[in-house]
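Q: Please see the structure below; I have some questions.
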Amino acid sequence: MTVRIQKQVRINIARLGKWHHMDIQIRLARQEDITALSSLIPESARTLQTTYYTSEQIEGALGTVFGVDSQLIQDGTYFIAENTHQIIGCGGWSKRKTLYGGDRGKNAAEDQLLDPSLDSAKIRAFFVHPEWARKGIGSQIMKHCEAAVLEAGFKTIEIIATLAGEPLYRRFDYDVKQKFEILLPNKSVLPVVRMVKSFAETHSHD
């Protein structure tokens, strides 16, 4: 389903086994959201990634692999989910070469624009507040990203997924292409998964 990336949507969320009508809005992130995102991302990683990574791995990834990429916000390709003006989730896509990482962890000189006719768009930096985990927030943001990617003319999408994020992307028909490790500043390593989806071979979720 193609949507305008600026459009705000309201969705119903199942919470604690009961259906509640929660007022959730998905909108594009703004520069003034960076402070809140800089708090959300560590809280999400330190809580929701612990089943998959050690504390040393998570702390080593924060700020570099796990962090805010302000270029995504400038490009208008980063979404946030809000409930009563509180940011409860974030995630986006990129039309640039960088595969992962926040401002502190990427090489700006290599962050060049991609050619939609030749290159794959990138899915980037999905995080959900722990209190809103497994309530469909990531899926809603993913739908917005895929619609925007198609609207921009890309035919394939690539993700460097965390082990925690891999199940979500599998549900959206992303295939595992490679497993590797990222060397972190504290000398530990972070296992990740490279996943790809081709819109020529599969349909996006409605």
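Residues in the structure tokens are named by chain (A, B, ... in the order shown) and by number from 1 within that chain; ligands are numbered from 1 in the order shown.
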Using only C-alpha atoms, what table do you get, as a tab-separated table, when you list each residue of stretch 67-132 of chain A with an atom no more than 10 Å from stretch 178-195 of chain A, its nearest pair of atoms, and their distance in Å rounded to one decimal, rows by chain then rising number?

A:
residue	atom	partner	partner_atom	distance
A:Leu99	CA	A:Arg194	CA	9.6
A:Gly105	CA	A:Pro185	CA	9.5
A:Ile123	CA	A:Met195	CA	9.8

Q: Tell me which of A:Leu113, A:Leu163, A:Val196, A:Ala133 sits closest to A:Glu43, counting only C-alpha atoms.

A: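 Distance minimum relative to A:Glu43 lands on A:Ala133.
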
Q: Please extract the residues of chain A with a backbone DSSP assignment of helix (DSSP H, G or I) and present them as number ranges by chain.

A: A: 31-48, 55-61, 70-75, 103-105, 108-110, 130-132, 137-151, 166-171

Q: Go ahead and write the residues just picked, C-alpha atoms, as an mmCIF file, in the first residue's frame.

A:
data_model
loop_
_atom_site.group_PDB
_atom_site.id
_atom_site.type_symbol
_atom_site.label_atom_id
_atom_site.label_comp_id
_atom_site.auth_asym_id
_atom_site.auth_seq_id
_atom_site.Cartn_x
_atom_site.Cartn_y
_atom_site.Cartn_z
ATOM 1 C CA GLN A 31 15.886 17.934 14.343
ATOM 2 C CA GLU A 32 14.258 18.782 17.662
ATOM 3 C CA ASP A 33 13.552 15.063 18.194
ATOM 4 C CA ILE A 34 17.247 14.171 18.404
ATOM 5 C CA THR A 35 17.480 14.642 22.175
ATOM 6 C CA ALA A 36 14.557 12.279 22.799
ATOM 7 C CA LEU A 37 15.918 9.764 20.280
ATOM 8 C CA SER A 38 19.308 9.868 21.974
ATOM 9 C CA SER A 39 17.590 8.700 25.169
ATOM 10 C CA LEU A 40 15.263 6.163 23.540
ATOM 11 C CA ILE A 41 17.939 4.283 21.625
ATOM 12 C CA PRO A 42 20.129 3.320 24.637
ATOM 13 C CA GLU A 43 17.072 2.413 26.712
ATOM 14 C CA SER A 44 15.768 0.201 23.924
ATOM 15 C CA ALA A 45 19.119 -1.471 23.263
ATOM 16 C CA ARG A 46 19.958 -2.090 26.924
ATOM 17 C CA THR A 47 16.564 -3.706 27.544
ATOM 18 C CA LEU A 48 15.503 -5.460 24.346
ATOM 19 C CA SER A 55 26.276 -5.969 28.127
ATOM 20 C CA GLU A 56 29.792 -5.438 26.772
ATOM 21 C CA GLN A 57 28.570 -5.808 23.194
ATOM 22 C CA ILE A 58 25.631 -3.460 23.730
ATOM 23 C CA GLU A 59 27.720 -0.775 25.419
ATOM 24 C CA GLY A 60 30.331 -1.052 22.688
ATOM 25 C CA ALA A 61 27.686 -0.595 20.003
ATOM 26 C CA SER A 70 21.105 12.943 11.736
ATOM 27 C CA GLN A 71 21.519 12.671 7.949
ATOM 28 C CA LEU A 72 18.427 10.464 7.819
ATOM 29 C CA ILE A 73 16.449 13.202 9.525
ATOM 30 C CA GLN A 74 17.815 15.825 7.129
ATOM 31 C CA ASP A 75 16.910 13.597 4.172
ATOM 32 C CA ASP A 103 26.783 10.062 13.566
ATOM 33 C CA ARG A 104 29.764 8.885 15.640
ATOM 34 C CA GLY A 105 30.122 5.589 13.830
ATOM 35 C CA ALA A 108 30.587 10.928 6.175
ATOM 36 C CA ALA A 109 32.818 10.901 3.089
ATOM 37 C CA GLU A 110 31.310 7.539 2.099
ATOM 38 C CA PRO A 130 10.723 -1.353 25.976
ATOM 39 C CA GLU A 131 7.195 -0.662 27.250
ATOM 40 C CA TRP A 132 5.933 -0.752 23.646
ATOM 41 C CA ILE A 137 5.233 -0.371 16.392
ATOM 42 C CA GLY A 138 8.171 -1.671 14.349
ATOM 43 C CA SER A 139 5.824 -3.189 11.780
ATOM 44 C CA GLN A 140 3.969 0.079 11.280
ATOM 45 C CA ILE A 141 7.207 1.990 10.791
ATOM 46 C CA MET A 142 8.425 -0.677 8.360
ATOM 47 C CA LYS A 143 5.289 -0.288 6.248
ATOM 48 C CA HIS A 144 5.935 3.449 5.994
ATOM 49 C CA CYS A 145 9.567 2.834 5.040
ATOM 50 C CA GLU A 146 8.746 0.323 2.320
ATOM 51 C CA ALA A 147 6.072 2.584 0.836
ATOM 52 C CA ALA A 148 8.526 5.487 0.752
ATOM 53 C CA VAL A 149 11.270 3.324 -0.782
ATOM 54 C CA LEU A 150 8.952 2.255 -3.601
ATOM 55 C CA GLU A 151 7.835 5.830 -4.124
ATOM 56 C CA GLU A 166 15.994 -10.390 12.330
ATOM 57 C CA PRO A 167 12.579 -11.955 13.177
ATOM 58 C CA LEU A 168 10.734 -8.730 12.259
ATOM 59 C CA TYR A 169 12.469 -8.492 8.901
ATOM 60 C CA ARG A 170 11.826 -12.163 8.138
ATOM 61 C CA ARG A 171 8.111 -11.484 8.579
#

Q: With distances taken over only C-alpha atoms, which of A:Asn83, A:Val65, A:Tyr52, A:Thr98 is nearest to A:His129?

A: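 Using only C-alpha atoms, A:His129 sits closest to A:Asn83.
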
Q: At what distance in Å, to one decimal, does atom CA of A:Gly102 lie from atom CA of A:Ile87?

A: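 Computing it gives 18.2 Å between the two atoms.
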
Q: Taking only C-alpha atoms into account, name the residue in A:Phe126, A:Tyr53, A:Phe199, A:Tyr100 that is nearest to A:Asp173.

A: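 So, comparing all the options, the nearest one is A:Phe199.
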
Q: Go ahead and compute the interatomic distance for atom CA of A:Thr54 and atom CA of A:Lys177, in Å to one decimal.

A: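 Atom CA of A:Lys177 lies 24.2 Å from atom CA of A:Thr54.
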
Q: Give the answer as one residue: which of A:Pro116, A:Gly76, A:Gly101, A:Gly136 has the shortest atom-to-atom distance to A:Thr162, using only C-alpha atoms?

A: A:Gly101

Q: Considering only C-alpha atoms, can you say which of A:Ala29, A:Ser198, A:Asp175, A:Asp69 comes closest to A:Asp119?

A: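 Smallest separation from A:Asp119 among the options: A:Ser198.
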
Q: For A:Thr156, which of A:Lys106, A:Lys95, A:Arg134, A:Arg27 is the closest residue, counting only C-alpha atoms?

A: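 Of the candidates, the smallest distance to A:Thr156 is held by A:Lys95.
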
Q: Have a look at atom CA of A:Gly91 and atom CA of A:Phe79 and let me know their distance in Å, one decimal.

A: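 Interatomic distance, atom CA of A:Gly91 to atom CA of A:Phe79: 5.5 Å.
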
Q: Just want the 6 Å neighbourhood of A:Lys122, counted on only C-alpha atoms, with same-chain residues fewer than 6 positions away dropped. Output as an MDAnalysis selection string.

A: chainID A and resid 93:94 157:159
